[in-house]
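Okay, final_35.txt is below, compact mmCIF, C-alpha atoms and all ligand atoms:
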# COMPACT_ATOMS: atom_id res chain seq x y z
CA MET A 8 -157.51 111.17 85.57
CA ARG A 9 -160.26 113.77 85.33
CA GLU A 10 -163.66 112.44 84.33
CA SER A 11 -164.72 115.13 81.94
CA LEU A 12 -162.50 117.16 79.63
CA ASP A 13 -163.16 120.30 77.64
CA ILE A 14 -162.20 119.02 74.18
CA GLY A 15 -161.75 121.32 71.21
CA ILE A 16 -162.41 119.87 67.75
CA THR A 17 -160.40 120.97 64.72
CA CYS A 18 -161.04 119.91 61.15
CA ASN A 19 -161.40 121.51 57.74
CA LEU A 20 -164.92 121.52 56.39
CA LYS A 21 -165.41 121.28 52.64
CA ARG A 22 -167.76 124.26 52.84
CA ASP A 23 -165.00 126.49 54.31
CA VAL A 24 -162.28 125.67 51.77
CA ARG A 25 -162.41 127.56 48.53
CA ALA A 26 -160.99 125.83 45.46
CA ARG A 27 -158.59 128.14 43.63
CA ASP A 28 -158.39 128.74 39.91
CA GLY A 29 -156.52 125.92 38.24
CA ASP A 30 -157.04 123.49 41.17
CA ALA A 31 -157.65 119.85 40.30
CA PRO A 32 -161.36 118.87 40.24
CA ASP A 33 -160.88 116.70 43.33
CA ALA A 34 -158.95 119.39 45.27
CA LEU A 35 -161.42 119.33 48.19
CA ALA A 36 -161.58 115.53 48.53
CA GLU A 37 -159.61 115.39 51.78
CA TYR A 38 -161.90 117.76 53.65
CA ASP A 39 -164.81 116.88 55.89
CA ASP A 40 -168.56 117.29 55.97
CA GLU A 41 -170.33 118.89 58.91
CA SER A 42 -171.99 115.56 59.65
CA THR A 43 -168.59 114.00 60.52
CA ARG A 44 -167.62 116.93 62.74
CA ASP A 45 -171.00 116.68 64.52
CA ALA A 46 -170.63 112.91 64.93
CA VAL A 47 -167.25 113.40 66.63
CA ARG A 48 -168.73 115.97 69.03
CA ASP A 49 -171.67 113.67 69.83
CA ALA A 50 -169.29 110.78 70.49
CA LEU A 51 -167.13 112.93 72.81
CA GLU A 52 -170.24 113.99 74.71
CA ARG A 53 -171.43 110.40 75.05
CA ALA A 54 -168.06 109.64 76.60
CA GLY A 55 -168.81 112.33 79.21
CA HIS A 56 -166.65 115.13 77.76
CA ARG A 57 -167.58 118.54 76.45
CA GLY A 58 -166.86 118.89 72.73
CA ARG A 59 -166.70 122.25 70.98
CA PHE A 60 -165.65 123.30 67.50
CA LEU A 61 -162.62 125.54 67.40
CA GLY A 62 -162.74 126.41 63.72
CA TYR A 63 -159.53 126.75 61.77
CA GLY A 64 -156.76 129.32 61.28
CA GLU A 65 -157.25 132.62 63.11
CA ALA A 66 -160.71 131.54 64.31
CA MET A 67 -159.05 128.56 66.01
CA LEU A 68 -156.48 130.78 67.71
CA ASP A 69 -159.23 133.20 68.87
CA ALA A 70 -161.32 130.33 70.26
CA ILE A 71 -158.31 128.98 72.15
CA ARG A 72 -157.46 132.42 73.52
CA ALA A 73 -161.05 132.88 74.70
CA ARG A 74 -160.96 129.51 76.51
CA ARG A 75 -158.06 127.10 76.52
CA PRO A 76 -159.24 123.50 75.93
CA ASP A 77 -157.86 120.58 77.96
CA LEU A 78 -157.28 118.61 74.76
CA VAL A 79 -157.81 119.11 71.04
CA PHE A 80 -159.26 116.32 68.91
CA ASN A 81 -157.42 117.17 65.71
CA PHE A 82 -158.29 115.81 62.32
CA ALA A 83 -157.60 118.96 60.30
CA GLU A 84 -155.98 118.10 56.96
CA GLY A 85 -154.76 121.70 56.64
CA ILE A 86 -154.69 123.98 53.64
CA GLY A 87 -151.83 124.68 51.28
CA GLY A 88 -148.51 122.96 50.72
CA ARG A 89 -147.13 119.57 51.59
CA CYS A 90 -146.82 120.43 55.29
CA ARG A 91 -150.47 121.52 55.52
CA ALA A 92 -151.43 118.82 58.02
CA THR A 93 -148.72 120.02 60.41
CA HIS A 94 -150.10 123.54 60.83
CA VAL A 95 -152.63 122.76 63.58
CA PRO A 96 -150.48 120.36 65.64
CA ALA A 97 -147.43 122.63 65.38
CA SER A 98 -149.52 125.58 66.60
CA LEU A 99 -150.88 123.50 69.47
CA GLU A 100 -147.37 122.43 70.46
CA MET A 101 -146.30 126.07 70.44
CA LEU A 102 -149.20 126.86 72.80
CA GLY A 103 -148.56 123.81 74.98
CA ILE A 104 -151.99 122.29 74.35
CA PRO A 105 -152.37 118.47 74.24
CA TYR A 106 -153.88 117.03 71.06
CA THR A 107 -154.86 113.70 69.54
CA HIS A 108 -153.36 111.98 66.48
CA ALA A 109 -149.88 112.19 65.00
CA ASP A 110 -147.29 114.92 65.50
CA PRO A 111 -146.03 117.22 62.72
CA LEU A 112 -143.09 114.99 61.82
CA CYS A 113 -145.23 111.94 61.11
CA LEU A 114 -147.88 114.00 59.33
CA ALA A 115 -145.41 115.65 56.95
CA VAL A 116 -143.51 112.46 56.19
CA SER A 117 -146.67 110.45 55.50
CA GLN A 118 -148.09 113.16 53.25
CA GLU A 119 -145.05 112.88 50.98
CA LYS A 120 -145.52 109.24 49.99
CA ALA A 121 -142.02 108.71 48.56
CA ILE A 122 -140.36 109.87 51.79
CA ALA A 123 -142.65 107.58 53.79
CA LYS A 124 -141.69 104.68 51.50
CA ARG A 125 -137.97 105.34 51.92
CA LEU A 126 -138.39 105.34 55.70
CA VAL A 127 -140.43 102.16 55.95
CA GLN A 128 -138.14 100.45 53.45
CA SER A 129 -135.10 101.33 55.53
CA ASN A 130 -136.88 99.65 58.46
CA GLY A 131 -137.19 96.43 56.48
CA VAL A 132 -140.82 96.84 55.42
CA ARG A 133 -141.68 95.77 51.88
CA THR A 134 -143.05 98.48 49.56
CA PRO A 135 -143.36 98.50 45.74
CA ARG A 136 -140.26 99.64 43.82
CA PHE A 137 -140.70 103.26 42.84
CA ALA A 138 -139.40 106.42 41.21
CA VAL A 139 -140.31 110.09 41.55
CA VAL A 140 -140.43 112.21 38.39
CA GLU A 141 -140.66 115.96 37.99
CA ASP A 142 -140.71 116.06 34.20
CA LEU A 143 -141.29 113.79 31.22
CA ALA A 144 -137.59 113.58 30.33
CA GLN A 145 -136.98 111.47 33.46
CA LEU A 146 -139.21 108.72 32.05
CA SER A 147 -136.47 107.70 29.62
CA GLU A 148 -134.34 106.59 32.60
CA LEU A 149 -137.14 104.62 34.23
CA SER A 150 -136.09 101.18 35.41
CA LEU A 151 -139.43 99.96 36.81
CA THR A 152 -141.23 96.89 35.52
CA PHE A 153 -144.66 97.48 33.99
CA PRO A 154 -147.52 97.61 34.87
CA VAL A 155 -146.77 100.84 36.69
CA PHE A 156 -149.05 102.91 38.89
CA ALA A 157 -148.84 106.74 38.90
CA LYS A 158 -150.11 109.13 41.57
CA PRO A 159 -149.34 112.63 42.85
CA VAL A 160 -146.55 112.26 45.42
CA GLY A 161 -148.15 114.41 48.10
CA GLU A 162 -151.92 114.01 48.03
CA GLY A 163 -154.40 111.70 49.73
CA SER A 164 -158.01 110.51 49.59
CA SER A 165 -157.35 108.94 46.15
CA MET A 166 -156.78 112.39 44.63
CA GLY A 167 -155.61 111.99 41.05
CA ILE A 168 -156.28 108.26 41.18
CA GLN A 169 -158.49 106.70 38.52
CA ALA A 170 -158.94 103.35 36.82
CA ASP A 171 -156.35 104.46 34.23
CA SER A 172 -153.68 105.20 36.87
CA ARG A 173 -152.36 101.70 36.12
CA VAL A 174 -150.55 101.55 32.78
CA ASP A 175 -148.84 98.81 30.79
CA SER A 176 -146.32 100.79 28.75
CA LEU A 177 -144.24 103.93 28.50
CA ASP A 178 -146.56 105.17 25.75
CA GLU A 179 -149.50 105.04 28.15
CA LEU A 180 -147.47 106.46 31.00
CA ARG A 181 -146.43 109.69 29.23
CA PRO A 182 -149.92 111.26 28.92
CA LEU A 183 -150.77 110.13 32.45
CA VAL A 184 -147.69 111.79 33.95
CA THR A 185 -148.34 114.93 31.89
CA ARG A 186 -151.88 115.11 33.27
CA LEU A 187 -150.79 114.62 36.90
CA LEU A 188 -147.94 117.15 36.67
CA THR A 189 -150.29 119.73 35.19
CA LEU A 190 -153.22 119.17 37.54
CA TYR A 191 -151.37 118.80 40.86
CA ARG A 192 -148.24 120.89 40.20
CA GLU A 193 -146.04 118.52 42.17
CA PRO A 194 -143.83 115.50 41.36
CA VAL A 195 -145.43 112.20 40.39
CA LEU A 196 -144.79 108.96 42.25
CA LEU A 197 -144.45 105.91 40.01
CA GLU A 198 -144.69 102.48 41.59
CA GLU A 199 -144.63 98.96 40.29
CA PHE A 200 -148.23 97.79 40.33
CA CYS A 201 -149.25 95.29 43.03
CA PRO A 202 -151.73 93.00 41.29
CA GLY A 203 -152.91 91.10 44.37
CA ALA A 204 -155.62 91.61 46.95
CA GLU A 205 -156.01 94.96 48.69
CA PHE A 206 -156.36 95.57 52.42
CA SER A 207 -156.64 98.45 54.84
CA VAL A 208 -155.49 98.07 58.43
CA GLY A 209 -156.74 100.17 61.33
CA ILE A 210 -154.26 100.66 64.17
CA LEU A 211 -154.62 102.15 67.66
CA GLY A 212 -151.93 103.23 70.11
CA THR A 213 -148.43 104.60 70.13
CA GLY A 214 -144.97 103.05 69.80
CA ARG A 215 -144.59 99.64 71.35
CA SER A 216 -148.17 99.62 72.62
CA ALA A 217 -149.55 100.20 69.10
CA ARG A 218 -151.77 97.32 68.00
CA VAL A 219 -154.01 96.34 65.13
CA LEU A 220 -157.66 97.23 65.63
CA GLY A 221 -158.65 95.24 62.55
CA ALA A 222 -158.11 94.83 58.85
CA SER A 223 -160.51 94.93 55.93
CA SER A 224 -160.24 93.42 52.47
CA ILE A 225 -161.34 95.61 49.58
CA THR A 226 -162.43 93.37 46.75
CA PRO A 227 -163.81 94.57 43.42
CA VAL A 228 -167.06 92.91 42.41
CA ALA A 229 -166.74 93.05 38.62
CA VAL A 230 -163.02 93.38 37.72
CA SER A 231 -160.11 91.08 38.56
CA SER A 232 -157.69 92.25 41.25
CA ASP A 233 -154.86 92.75 38.73
CA ARG A 234 -156.97 95.53 37.13
CA PHE A 235 -158.44 96.92 40.33
CA VAL A 236 -157.80 100.46 41.53
CA TYR A 237 -159.52 101.74 44.66
CA SER A 238 -160.37 105.10 43.14
CA ARG A 239 -162.30 107.94 44.68
CA ALA A 240 -164.89 107.78 41.92
CA LEU A 241 -165.57 104.17 42.84
CA LYS A 242 -165.98 104.80 46.56
CA GLU A 243 -168.00 107.97 46.04
CA THR A 244 -170.69 106.50 43.83
CA ALA A 245 -173.86 106.24 45.87
CA ASP A 246 -174.07 102.50 45.15
CA TRP A 247 -170.40 101.67 45.89
CA ARG A 248 -171.54 98.46 47.51
CA ALA A 249 -172.52 97.26 44.03
CA HIS A 250 -168.86 97.60 42.91
CA LEU A 251 -166.85 96.89 46.05
CA CYS A 252 -166.96 94.32 48.74
CA ILE A 253 -165.37 95.71 51.91
CA GLU A 254 -165.13 93.00 54.56
CA CYS A 255 -163.80 93.07 58.08
CA PRO A 256 -162.44 90.64 59.19
CA PRO A 257 -160.82 90.38 55.75
CA ARG A 258 -161.58 87.72 53.19
CA CYS A 259 -158.23 85.87 53.02
CA ALA A 260 -156.18 83.04 54.50
CA PRO A 261 -155.05 83.55 58.13
CA SER A 262 -151.39 83.59 57.01
CA VAL A 263 -152.07 86.41 54.53
CA ARG A 264 -153.92 88.38 57.19
CA ALA A 265 -151.00 87.97 59.57
CA ASP A 266 -148.54 89.17 56.89
CA VAL A 267 -150.74 92.19 56.02
CA GLU A 268 -151.18 93.17 59.68
CA ARG A 269 -147.47 92.78 60.41
CA VAL A 270 -146.47 95.03 57.49
CA ALA A 271 -149.04 97.64 58.56
CA LEU A 272 -147.95 97.67 62.19
CA GLU A 273 -144.25 97.80 61.32
CA ALA A 274 -144.86 100.71 58.93
CA TYR A 275 -146.96 102.51 61.55
CA ARG A 276 -144.17 102.17 64.09
CA ALA A 277 -141.44 103.08 61.60
CA LEU A 278 -143.28 106.32 60.78
CA GLU A 279 -143.87 106.92 64.51
CA CYS A 280 -147.61 107.38 64.13
CA ARG A 281 -149.63 107.99 67.31
CA ASP A 282 -153.06 107.19 68.76
CA VAL A 283 -154.69 106.02 65.51
CA GLY A 284 -153.91 105.46 61.85
CA ARG A 285 -154.80 103.39 58.81
CA VAL A 286 -152.30 101.65 56.60
CA ASP A 287 -153.07 100.64 53.00
CA VAL A 288 -151.46 97.37 51.97
CA ARG A 289 -151.59 95.33 48.80
CA LEU A 290 -150.20 91.95 47.79
CA ASP A 291 -147.45 92.02 45.17
CA GLY A 292 -147.07 89.59 42.25
CA GLU A 293 -145.68 86.97 44.62
CA GLY A 294 -148.48 87.36 47.15
CA ARG A 295 -146.37 89.29 49.68
CA ALA A 296 -147.89 92.16 51.65
CA SER A 297 -146.52 95.53 50.49
CA PHE A 298 -146.91 98.92 52.14
CA LEU A 299 -148.70 101.56 50.02
CA GLU A 300 -149.26 104.40 52.46
CA LEU A 301 -150.01 105.46 56.03
CA ASN A 302 -152.98 107.69 56.81
CA PRO A 303 -152.24 109.33 60.17
CA LEU A 304 -155.52 111.31 59.94
CA PRO A 305 -157.76 108.52 58.67
CA GLY A 306 -161.27 109.51 57.58
CA ILE A 307 -163.78 109.09 60.41
CA SER A 308 -167.07 109.57 58.70
CA PRO A 309 -169.53 107.19 60.41
CA GLY A 310 -170.61 104.20 58.33
CA PHE A 311 -168.50 105.28 55.34
CA SER A 312 -164.78 105.77 56.05
CA ASP A 313 -162.62 102.64 55.96
CA LEU A 314 -161.57 103.05 59.59
CA THR A 315 -165.15 103.21 60.84
CA LEU A 316 -166.06 100.18 58.72
CA ILE A 317 -163.11 98.31 60.24
CA ALA A 318 -164.16 99.31 63.76
CA ALA A 319 -167.73 98.18 63.09
CA GLY A 320 -166.45 94.85 61.73
CA MET A 321 -164.52 94.34 64.96
CA GLY A 322 -167.59 95.15 67.07
CA VAL A 323 -166.33 98.61 68.09
CA THR A 324 -169.06 101.25 67.92
CA TYR A 325 -168.38 104.72 66.55
CA PRO A 326 -168.50 106.42 69.98
CA ALA A 327 -166.17 103.73 71.37
CA LEU A 328 -163.70 104.34 68.51
CA ILE A 329 -163.62 108.10 69.16
CA GLU A 330 -163.27 107.51 72.91
CA SER A 331 -160.36 105.12 72.29
CA ILE A 332 -158.53 107.78 70.27
CA VAL A 333 -159.01 110.26 73.12
CA ASN A 334 -157.80 107.72 75.66
CA GLU A 335 -154.72 106.90 73.58
CA ALA A 336 -153.86 110.61 73.50
CA ARG A 337 -154.52 111.02 77.25
CA ALA A 338 -152.14 108.17 77.99
CA ARG A 339 -149.35 110.23 76.39
CA TYR A 340 -149.96 113.27 78.60
CA PRO A 341 -149.39 112.45 82.27
CA GLY A 342 -152.09 113.96 84.48
CA LEU A 343 -154.59 114.59 81.71
N1 LIG B 1 -148.39 100.33 43.66
C1 LIG B 1 -149.70 100.10 43.60
N2 LIG B 1 -150.15 98.91 43.14
C2 LIG B 1 -151.47 98.65 43.05
N3 LIG B 1 -152.44 99.52 43.39
C3 LIG B 1 -152.05 100.72 43.87
C4 LIG B 1 -150.67 101.07 44.01
N4 LIG B 1 -150.62 102.32 44.53
C5 LIG B 1 -151.91 102.72 44.70
N5 LIG B 1 -152.78 101.77 44.29
C6 LIG B 1 -154.25 101.84 44.27
O1 LIG B 1 -154.64 103.20 44.40
C7 LIG B 1 -155.35 103.40 45.63
C8 LIG B 1 -154.98 104.73 46.26
O2 LIG B 1 -153.57 104.77 46.46
P1 LIG B 1 -152.94 105.24 47.84
O3 LIG B 1 -151.48 105.12 47.73
O4 LIG B 1 -153.60 104.52 48.98
O5 LIG B 1 -153.28 106.80 47.86
P2 LIG B 1 -154.41 107.67 48.59
O6 LIG B 1 -153.66 108.53 49.55
O7 LIG B 1 -154.99 108.51 47.51
O8 LIG B 1 -155.40 106.76 49.24
C9 LIG B 1 -154.98 102.21 46.48
O9 LIG B 1 -155.98 101.97 47.45
C10 LIG B 1 -154.84 101.10 45.44
O10 LIG B 1 -156.09 100.59 45.02
MG MG B 2 -155.01 105.14 50.40

Just give me the structure as C-alpha cells.
Amino acid sequence: MRESLDIGITCNLKRDVRARDGDAPDALAEYDDESTRDAVRDALERAGHRGRFLGYGEAMLDAIRARRPDLVFNFAEGIGGRCRATHVPASLEMLGIPYTHADPLCLAVSQEKAIAKRLVQSNGVRTPRFAVVEDLAQLSELSLTFPVFAKPVGEGSSMGIQADSRVDSLDELRPLVTRLLTLYREPVLLEEFCPGAEFSVGILGTGRSARVLGASSITPVAVSSDRFVYSRALKETADWRAHLCIECPPRCAPSVRADVERVALEAYRALECRDVGRVDVRLDGEGRASFLELNPLPGISPGFSDLTLIAAGMGVTYPALIESIVNEARARYPGL
C-alpha cells in the first residue's frame, strides 16, 4: 500500500448552490460549509495524504482531467432530482477513479426513503408501517394508526420536518400533506409514529466486515419522547444543547442498545452501504428498535454532526474518523 495518496475532495458548498424560485426555505440544508471541507482536507493531510478540492460539475471534471487523483473523498449530496447523490460517484466509475462512501445504487435507494424501507423490511428489519401519497384523495384510503408522521419521501437533513410533522388525526394530516406536496413537489411518506427513544448509529466498513462504530441517544430536555421530533430547527439553534441531550454511548439499557445496533447494522448491510454510514433508529410503541433511514453520506462537520459526536463519544478523533473512511475505501480497491 502506498504511504501517501493524492486525494480529491468533492462536496457541495452551500455558497455554490443557488436556491431556485419556489424552493422550500430549507432547500440548502443538505449542503456543506467551507469549514467542513477544510476540516476534511486537514484530516487527510494529517494522515500523510495530499488533499485537494475538485469542485463540482464541470469544474470537477476539469480538475480531474488536469490531474487524475488516486482516490476521491466524496461527500457531495448532488444537485437536482432524486438521483442527485449518484452524479459524482457514477461519473467517477465512468472514469475508473476510486472513491469513498456508497455507490450510486445505495445512494439512490437511501434517498428515496420508501424504497429503502421496502428493502430493509424484505430483509426482516423492522420499520414503521407506512404509505406514500401523491395527492390528498389518497388519504381517504389510509390504513395507518395515528399518530402519524409525515415527511417528504426523498429529502434528508430533516428537510420539511418540524414539531408539527407528528399528527393525531386525519384533520391535522390534510393541511400538513398539502404543505409538503406544495413545498417539495414530490410524494409524501407517511409513517406510524414511533413514540419511544431515538438513536443514531454510526457504522464503518463494507458488507460482512461492516461494524458499529457507536450509537448515540438523542433525548429531548423539555418534551416527552412521545412528542419529540428531531427537527432541523431544533438542532440548528445555537443553544441546541439546552434542548437536546445527545449522548454516546447512549443512555439506555444494554439490551435496548444491542437491539438498536443490530437493526442499524442489518439495515446498513441490506442497503449495501459502504465505508461509512449513519442509521436513524427509534423505538416503537412496544419498545422495539425500528429503522427510520440510512444516511450513506452522513454529515461530517466537526463537533456538530451526529457521526462526529458519535466518534468523539467512542474516543475516535476527527482525523482518525476521516482516515478510517479512507482506509475502508482503500481496502475495496486492491493495490491502492
Ligand atoms: N416514524 C417516525 N416516528 C417518530 N419519529 C420520526 C419518524 N420518522 C421521522 N421521525 C423524526 O423525524 C426526524 C427526521 O426523520 P428522518 O427520517 O431521520 O429524516 P431526515 O433524512 O430528514 O433526517 C427523526 O430523527 C425523528 O425524530
Ligand atoms: Mg435522519

Worksheet item: At what distance in Å, to one decimal, does atom CA of A:Pro202 lie from atom CA of A:Ala157?
Response: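 Taking atom CA of A:Ala157 as the start and atom CA of A:Pro202 as the end point, the length is 14.2 Å.
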
Fill in: Residue nearest ligand MG 2 (chain B) among A:Ser172, A:Ser308, A:Ser238, A:Thr43 (counting only C-alpha atoms and all ligand atoms)
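Closest residue, counting only C-alpha atoms and all ligand atoms: A:Ser238.
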
Discussion item. Please compute the atom CA of A:Ala83-atom CA of A:Gln118 distance, one decimal, in Å.
Written reply: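 So the two atoms, atom CA of A:Ala83 and atom CA of A:Gln118, lie 13.2 Å apart.
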
Worksheet item: Can you find the residues with an atom no farther than 6 Å from (-144.3, 108.6, 44.9), counting only C-alpha atoms, and report them as a count of residues only?
Response: 7

Worksheet item: What is the atom CA of A:Leu241 to atom CA of A:Asp49 distance in Å?
Response: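 Separation between atom CA of A:Leu241 and atom CA of A:Asp49: 29.3 Å.
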
Practice prompt. Please write out the residues within 6 Å of ligand LIG 1 (chain B) as a PyMOL selection string, counting all atoms listed in the file.
Written response: chain A and resi 135+156+162-166+198-202+236-238+287+299-300

Fill in: Shell around A:Asp175 at 9 Å using only C-alpha atoms, local window under 5 positions removed, as a list in words
Phe153, Pro154, Val155 and Leu180 of chain A

Discussion item. Considering only C-alpha atoms, can you say which of A:Arg258, A:Arg234, A:Arg269, A:His250 comes closest to A:Gly209?
Written reply: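 Under the stated criterion, the closest residue is A:Arg269.
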
Practice prompt. Write out as a PyMOL selection string which residues come within 10 Å of stretch 85-101 of chain A when counting all atoms listed in the file, dropping same-chain ones fewer than 2 positions away.
Written response: chain A and resi 17-19+24-25+35+37-38+63-64+67-68+71+78-79+81-83+103-119+160-162+193+303-304

Worksheet entry | Shortest interatomic distance to ligand MG 2 (chain B) - which of A:Gly294, A:Gly284, A:Pro32, A:Gly342, counting all atoms listed in the file |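 Of all the options, A:Gly284 lies closest to ligand MG 2 (chain B).
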
Worksheet entry | Shell around A:Glu41 at 9 Å using only C-alpha atoms, local window under 5 positions removed, as a list in words | Leu20, Lys21, Arg22 and Ala46 of chain A

Practice prompt. Select, counting only C-alpha atoms, all protein, DNA and RNA residues no farther than 10 Å from (-152.0, 91.3, 57.5) in file coordinates, and express the selection as a ChimeraX atom specification.
Written response: /A:206-208,219,221-224,257,259-272,288-290,295-297

Give me, as CSV, each residue of stretch 116-152 of chain A that comes within 12 Å of stretch 183-189 of chain A, together with its shortest interatomic pair and the distance in Å at one decimal, counting only C-alpha atoms, with rows ordered by chain and rising residue number.
residue,atom,partner,partner_atom,distance
A:Val139,CA,A:Val184,CA,10.7
A:Val140,CA,A:Val184,CA,8.5
A:Glu141,CA,A:Leu188,CA,7.5
A:Asp142,CA,A:Leu188,CA,7.7
A:Leu143,CA,A:Thr185,CA,7.2
A:Ala144,CA,A:Val184,CA,10.9
A:Gln145,CA,A:Val184,CA,10.7
A:Leu146,CA,A:Val184,CA,9.2

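Distance check against ligand MG 2 (chain B) using all atoms listed in the file: of A:Arg215, A:Arg239, A:Arg339, A:Lys124, the minimum falls on A:Arg239.
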
Item to complete: Would you mind listing what lies within 10 Å of A:Asp30 as a count of residues only, with only C-alpha atoms counted and same-chain residues fewer than 6 positions away left out?
Response: 4

Fill in: Long-range neighbours of stretch 326-335 of chain A as a PyMOL selection string, 8 Å cut-off, all atoms listed in the file, 3 positions minimum in chain
chain A and resi 47+49-51+53-54+80+107-108+211-213+282-283+315+318+323+338-339
